[in-house]
file data.tsv (TSV, C-alpha atoms)
chain	number	residue	atom	x	y	z
Y	293	LYS	CA	-22.49	0.47	11.66
Y	294	ARG	CA	-23.45	-2.95	10.43
Y	295	ARG	CA	-23.31	-5.93	12.72
Y	296	GLY	CA	-19.91	-7.56	12.74
Y	297	GLN	CA	-18.18	-4.42	11.46
Y	298	THR	CA	-15.02	-3.43	13.30
Y	299	ASN	CA	-12.63	-0.60	12.66
Y	300	THR	CA	-9.20	-0.34	14.30
Y	301	ARG	CA	-6.56	2.30	13.72
Y	302	GLN	CA	-3.21	3.19	15.20
Y	303	ASP	CA	-2.39	6.70	16.39
Y	304	ASP	CA	-0.46	9.04	14.13
Y	305	THR	CA	2.63	8.48	16.28
Y	306	ASP	CA	2.94	5.00	14.78
Y	307	SER	CA	2.72	6.09	11.15
Y	308	SER	CA	4.42	4.49	8.18
Y	309	GLU	CA	7.32	6.04	6.35
Y	310	ILE	CA	7.05	6.87	2.66
Y	311	VAL	CA	10.52	7.29	1.20
Y	312	PHE	CA	11.33	8.80	-2.16
Y	313	ASP	CA	14.51	9.57	-4.10
Y	314	GLU	CA	15.28	13.27	-4.25
Y	315	SER	CA	17.41	12.83	-7.37
Y	316	ALA	CA	14.37	11.52	-9.27
Y	317	SER	CA	12.10	14.42	-8.36
Y	318	SER	CA	10.10	15.98	-11.16
Y	319	ALA	CA	11.67	18.99	-12.85
Y	320	SER	CA	8.44	20.83	-12.27
Y	321	ARG	CA	9.03	20.85	-8.51
Y	322	ALA	CA	10.79	23.96	-7.25
Y	323	PRO	CA	13.86	23.79	-4.95
Y	324	GLU	CA	13.27	23.80	-1.22
Y	325	THR	CA	9.74	22.51	-1.77
Y	326	GLU	CA	7.62	20.64	0.74
Y	327	VAL	CA	4.96	18.22	-0.45
Y	328	VAL	CA	1.84	19.34	1.38
Y	329	ALA	CA	-1.26	17.15	1.50
Y	330	THR	CA	-3.76	16.04	4.10
Y	331	GLY	CA	-2.73	12.63	5.40
Y	332	VAL	CA	1.03	12.90	4.91
Y	333	GLU	CA	3.88	14.57	6.72
Y	334	SER	CA	6.75	15.49	4.46
Y	335	CYS	CA	10.21	16.95	4.21
Y	336	SER	CA	11.89	17.51	0.86
Y	337	ARG	CA	15.09	19.50	0.34
Y	338	SER	CA	16.71	19.81	-3.06
Y	339	SER	CA	20.45	19.47	-3.40
Y	340	VAL	CA	22.47	22.67	-3.24
Y	341	GLU	CA	25.22	23.02	-5.82
Y	342	GLY	CA	28.56	22.22	-4.28
Y	343	GLU	CA	27.01	20.63	-1.19
Y	344	GLU	CA	28.30	17.18	-0.28
Y	345	THR	CA	25.63	14.51	-0.71
Y	346	ASN	CA	24.65	12.73	2.49
Y	347	THR	CA	24.24	9.05	1.63
Y	348	ALA	CA	23.30	8.04	5.18
Y	349	PHE	CA	19.77	9.45	5.00
Y	350	LYS	CA	16.91	10.01	2.61
Y	351	SER	CA	14.13	12.55	2.75
Y	352	ALA	CA	10.91	10.96	3.86
Y	353	ILE	CA	7.13	11.30	3.78
Y	354	ALA	CA	5.28	9.67	6.67
Y	355	LEU	CA	1.82	8.24	6.14
Y	356	THR	CA	-0.47	9.31	8.97
Y	357	ALA	CA	-3.70	7.82	10.27
Y	358	ALA	CA	-5.49	10.43	8.15
Y	359	GLY	CA	-3.69	9.04	5.12
Y	360	SER	CA	-4.83	5.52	5.95
Y	361	ASP	CA	-8.38	6.90	6.20
Y	362	ILE	CA	-8.09	8.03	2.59
Y	363	ALA	CA	-6.87	4.62	1.40
Y	364	VAL	CA	-9.58	2.78	3.30
Y	365	ALA	CA	-12.27	5.18	2.04
Y	366	ALA	CA	-11.19	4.69	-1.58
Y	367	ALA	CA	-11.04	0.92	-1.23
Y	368	GLU	CA	-14.38	0.81	0.57
Y	369	ALA	CA	-15.98	2.98	-2.12
Y	370	GLU	CA	-14.82	0.52	-4.76
Y	371	ALA	CA	-16.25	-2.37	-2.76
Y	372	MET	CA	-19.57	-0.64	-2.14
Y	373	LYS	CA	-19.89	0.32	-5.81
Y	374	ASN	CA	-19.85	-3.38	-6.64
Y	375	GLY	CA	-21.89	-4.53	-3.66
Y	376	TRP	CA	-18.99	-6.38	-2.04
Y	377	GLU	CA	-18.49	-6.77	1.73
Y	378	VAL	CA	-14.81	-7.01	2.56
Y	379	THR	CA	-12.16	-6.36	5.18
Y	380	ILE	CA	-9.52	-3.76	4.32
Y	381	CYS	CA	-6.08	-3.35	5.91
Y	382	VAL	CA	-3.60	-0.53	5.35
Y	383	CYS	CA	-0.11	-1.26	6.70
Y	384	ASP	CA	3.24	0.49	6.78
Y	385	ALA	CA	6.45	-0.61	5.07
Y	386	GLY	CA	7.17	-2.99	7.94
Y	387	GLY	CA	3.85	-4.74	7.50
Y	388	VAL	CA	2.38	-3.32	10.71
Y	389	PRO	CA	-1.32	-2.38	10.32
Y	390	ILE	CA	-2.16	1.31	10.55
Y	391	GLN	CA	-5.87	0.71	10.09
Y	392	VAL	CA	-8.15	-2.28	9.55
Y	393	LYS	CA	-11.85	-2.10	8.73
Y	394	ARG	CA	-13.92	-5.28	8.73
Y	395	ASN	CA	-17.20	-5.63	6.89
Y	396	SER	CA	-16.92	-9.34	6.16
Y	397	PHE	CA	-16.65	-12.71	7.91
Y	398	PRO	CA	-14.37	-12.94	10.99
Y	399	ALA	CA	-11.51	-14.83	9.32
Y	400	SER	CA	-11.22	-12.09	6.69
Y	401	TYR	CA	-9.58	-9.85	9.31
Y	402	ASP	CA	-6.47	-12.01	9.69
Y	403	ILE	CA	-6.37	-12.76	5.97
Y	404	ALA	CA	-6.48	-9.08	4.96
Y	405	VAL	CA	-3.80	-8.17	7.51
Y	406	GLY	CA	-1.68	-11.09	6.28
Y	407	LYS	CA	-2.03	-10.05	2.65
Y	408	ALA	CA	-1.00	-6.47	3.43
Y	409	LYS	CA	1.99	-7.62	5.48
Y	410	THR	CA	3.09	-10.10	2.82
Y	411	SER	CA	2.81	-7.52	0.03
Y	412	ALA	CA	4.80	-4.96	2.02
Y	413	HIS	CA	7.55	-7.42	3.00
Y	414	PHE	CA	8.01	-8.81	-0.51
Y	415	GLY	CA	7.30	-5.53	-2.28
Y	416	LYS	CA	5.09	-7.44	-4.69
Y	417	ASN	CA	1.46	-7.86	-5.60
Y	418	THR	CA	0.49	-11.06	-3.75
Y	419	ARG	CA	-0.99	-12.33	-7.01
Y	420	VAL	CA	2.59	-12.91	-8.16
Y	421	LEU	CA	3.31	-14.96	-5.05
Y	422	GLU	CA	0.11	-16.98	-5.37
Y	423	ASP	CA	0.96	-17.76	-8.99
Y	424	ALA	CA	4.39	-18.99	-7.88
Y	425	VAL	CA	2.84	-21.40	-5.39
Y	426	ASN	CA	-0.04	-22.72	-7.47
Y	427	VAL	CA	0.77	-25.91	-9.34
Y	428	VAL	CA	0.22	-25.50	-13.08
Y	429	GLU	CA	0.99	-28.42	-15.36
Y	430	GLY	CA	2.99	-30.02	-12.59
Y	431	ALA	CA	5.09	-26.93	-11.91
Y	432	GLY	CA	4.87	-24.84	-8.75
Y	433	ARG	CA	7.02	-23.80	-5.81
Y	434	SER	CA	5.14	-25.54	-3.02
Y	435	SER	CA	8.00	-24.90	-0.56
Y	436	LEU	CA	6.70	-21.33	-0.26
Y	437	LEU	CA	3.72	-22.72	1.63
Y	438	SER	CA	5.98	-23.23	4.65
Y	439	SER	CA	6.76	-19.50	4.85
Y	440	PRO	CA	4.91	-17.40	7.46
Y	441	PHE	CA	3.08	-15.33	4.85
Y	442	VAL	CA	-0.35	-15.19	3.24
Y	443	LEU	CA	0.32	-16.08	-0.39
Y	444	MET	CA	-3.12	-15.15	-1.66
Y	445	ARG	CA	-4.20	-12.58	-4.21
Y	446	GLY	CA	-5.51	-9.31	-2.74
Y	447	GLY	CA	-2.41	-7.58	-1.39
Y	448	VAL	CA	-1.02	-4.60	-3.34
Y	449	PRO	CA	2.16	-2.68	-2.39
Y	450	PHE	CA	2.31	1.11	-2.09
Y	451	ILE	CA	5.45	2.19	-3.95
Y	452	ILE	CA	6.84	5.69	-4.46
Y	453	ASP	CA	9.80	6.03	-6.82
Y	454	GLY	CA	10.67	2.36	-6.42
Y	455	VAL	CA	10.62	2.45	-2.61
Y	456	ILE	CA	8.10	0.28	-0.74
Y	457	CYS	CA	6.08	2.45	1.63
Y	458	GLY	CA	3.34	0.05	2.72
Y	459	ALA	CA	0.51	-1.98	1.28
Y	460	VAL	CA	-3.24	-2.52	1.19
Y	461	GLY	CA	-4.68	-5.98	1.80
Y	462	VAL	CA	-8.28	-7.02	1.16
Y	463	SER	CA	-10.27	-10.17	1.90
Y	464	GLY	CA	-13.92	-11.15	1.59
Y	465	VAL	CA	-14.73	-11.74	-2.07
Y	466	LYS	CA	-13.11	-13.46	-5.07
Y	467	PRO	CA	-9.32	-13.09	-5.45
Y	468	ASP	CA	-9.46	-10.76	-8.45
Y	469	GLN	CA	-12.11	-8.65	-6.71
Y	470	ASP	CA	-10.00	-8.40	-3.54
Y	471	GLU	CA	-7.13	-7.18	-5.71
Y	472	GLN	CA	-9.34	-4.68	-7.53
Y	473	ILE	CA	-10.36	-3.12	-4.22
Y	474	ALA	CA	-6.79	-3.06	-2.88
Y	475	LYS	CA	-5.57	-1.32	-6.04
Y	476	ALA	CA	-8.19	1.38	-5.55
Y	477	GLY	CA	-6.85	2.06	-2.06
Y	478	VAL	CA	-3.23	2.19	-3.21
Y	479	ALA	CA	-4.08	4.44	-6.15
Y	480	ALA	CA	-5.66	6.93	-3.73
Y	481	LEU	CA	-2.45	7.05	-1.67
Y	482	VAL	CA	-0.26	7.48	-4.73
Y	483	ASP	CA	-2.48	10.26	-6.02
Y	484	LEU	CA	-2.29	11.92	-2.61
Y	485	VAL	CA	1.50	12.24	-2.80
Y	486	TRP	CA	1.99	12.71	-6.53
Y	487	SER	CA	-1.23	14.02	-8.00
Y	488	HIS	CA	-0.31	13.07	-11.54
Y	489	ARG	CA	0.99	10.26	-13.73
Y	490	VAL	CA	-0.23	7.25	-11.75
Y	491	PHE	CA	0.58	4.07	-13.63
Y	492	GLU	CA	0.70	0.30	-13.19
Y	493	SER	CA	3.69	-1.96	-13.79
Y	494	GLU	CA	3.73	-5.70	-13.23
Y	495	GLY	CA	0.73	-5.57	-10.95
Y	496	GLU	CA	2.08	-2.73	-8.84
Y	497	VAL	CA	0.60	0.74	-8.63
Y	498	SER	CA	3.36	3.29	-8.41
Y	499	ALA	CA	4.18	6.94	-8.98
Y	500	LYS	CA	6.33	8.14	-11.83
Y	501	LEU	CA	8.31	11.19	-10.75
call {"tool": "encode", "arguments": {"input": "data.tsv", "output": "structure tokens"}}
result
Amino acid sequence: KRRGQTNTRQDDTDSSEIVFDESASSASRAPETEVVATGVESCSRSSVEGEETNTAFKSAIALTAAGSDIAVAAAEAEAMKNGWEVTICVCDAGGVPIQVKRNSFPASYDIAVGKAKTSAHFGKNTRVLEDAVNVVEGAGRSSLLSSPFVLMRGGVPFIIDGVICGAVGVSGVKPDQDEQIAKAGVAALVDLVWSHRVFESEGEVSAKL
């Protein structure tokens, strides 16, 4: 372990929840099917003909600490490939960190955590928020600066079927490089749940069911 490197992780009992819409499930998935993959806990039950739909609940997939390991590993691999030293945070849908790994300067810890939290709470790539704040040709929403969020590029939401499930935040290098690393971590999580048809839309990495 390099000097200054820290790695914190919550127990599996405080895992995030990954929610998906049963009605949008791929036709290739058989009824009464469970999504089984290391790093996620799942329950998926197809609708039975004639059964009344329960609108009070949704089936859910919970991201475990093992799942956060996968996201961090993918993000770290992207950073190492380019020779970048960064801090990586994986948080749940509520913005609470599941795991943080620091390989950069001390302040990068709080920044990465803040980016992940902000991305999860807004359900947006933090690049979009930074662009809204930055003044360009005299136009910019500077009032956002008073909000308790980190409006800096490098936070990417984890979205399954349009539902925000968490985010990855990165700090330590240039803004576009932070974002590149965060996207690698999110892509690994998406691929873990739906192993096909990963795509990007408006800066967000999502899964098409």
call {"tool": "atom_distance", "arguments": {"input": "data.tsv", "atom1": "atom CA of Y:Val478", "atom2": "atom CA of Y:Asp453"}}
result
14.1 Å
call {"tool": "axis_aligned_box", "arguments": {"input": "data.tsv", "around": "stretch 362-373 of chain Y", "padding_each_side": "5 Å", "output": "lines of an AutoDock Vina configuration file"}}
result
center_x = -13.4
center_y = 2.8
center_z = -1.3
size_x = 23.0
size_y = 20.4
size_z = 19.1
call {"tool": "closest_residue", "arguments": {"input": "data.tsv", "among": "Y:Asp468, Y:Glu368, Y:Asp483, Y:Asp361", "to": "Y:Arg419", "atoms": "only C-alpha atoms"}}
result
Y:Asp468
call {"tool": "closest_residue", "arguments": {"input": "data.tsv", "among": "Y:Gly464, Y:Gly446, Y:Gly359, Y:Gly458", "to": "Y:Asn395", "atoms": "all atoms listed in the file"}}
result
Y:Gly464
call {"tool": "atom_distance", "arguments": {"input": "data.tsv", "atom1": "atom CA of Y:Ser463", "atom2": "atom CA of Y:Asp384"}}
result
17.9 Å
call {"tool": "residues_around", "arguments": {"input": "data.tsv", "residues": "stretch 400-414 of chain Y", "least_positions_apart": "5", "cutoff": "9 Å", "atoms": "all atoms listed in the file", "output": "tab-separated table (two decimals) with C-alpha atoms, in the frame of the given file"}}
result
chain	number	residue	atom	x	y	z
Y	378	VAL	CA	-14.81	-7.01	2.56
Y	379	THR	CA	-12.16	-6.36	5.18
Y	380	ILE	CA	-9.52	-3.76	4.32
Y	381	CYS	CA	-6.08	-3.35	5.91
Y	382	VAL	CA	-3.60	-0.53	5.35
Y	383	CYS	CA	-0.11	-1.26	6.70
Y	384	ASP	CA	3.24	0.49	6.78
Y	385	ALA	CA	6.45	-0.61	5.07
Y	386	GLY	CA	7.17	-2.99	7.94
Y	387	GLY	CA	3.85	-4.74	7.50
Y	388	VAL	CA	2.38	-3.32	10.71
Y	389	PRO	CA	-1.32	-2.38	10.32
Y	392	VAL	CA	-8.15	-2.28	9.55
Y	393	LYS	CA	-11.85	-2.10	8.73
Y	394	ARG	CA	-13.92	-5.28	8.73
Y	395	ASN	CA	-17.20	-5.63	6.89
Y	421	LEU	CA	3.31	-14.96	-5.05
Y	440	PRO	CA	4.91	-17.40	7.46
Y	441	PHE	CA	3.08	-15.33	4.85
Y	442	VAL	CA	-0.35	-15.19	3.24
Y	443	LEU	CA	0.32	-16.08	-0.39
Y	444	MET	CA	-3.12	-15.15	-1.66
Y	445	ARG	CA	-4.20	-12.58	-4.21
Y	446	GLY	CA	-5.51	-9.31	-2.74
Y	447	GLY	CA	-2.41	-7.58	-1.39
Y	448	VAL	CA	-1.02	-4.60	-3.34
Y	449	PRO	CA	2.16	-2.68	-2.39
Y	450	PHE	CA	2.31	1.11	-2.09
Y	456	ILE	CA	8.10	0.28	-0.74
Y	457	CYS	CA	6.08	2.45	1.63
Y	458	GLY	CA	3.34	0.05	2.72
Y	459	ALA	CA	0.51	-1.98	1.28
Y	460	VAL	CA	-3.24	-2.52	1.19
Y	461	GLY	CA	-4.68	-5.98	1.80
Y	462	VAL	CA	-8.28	-7.02	1.16
Y	463	SER	CA	-10.27	-10.17	1.90
Y	464	GLY	CA	-13.92	-11.15	1.59
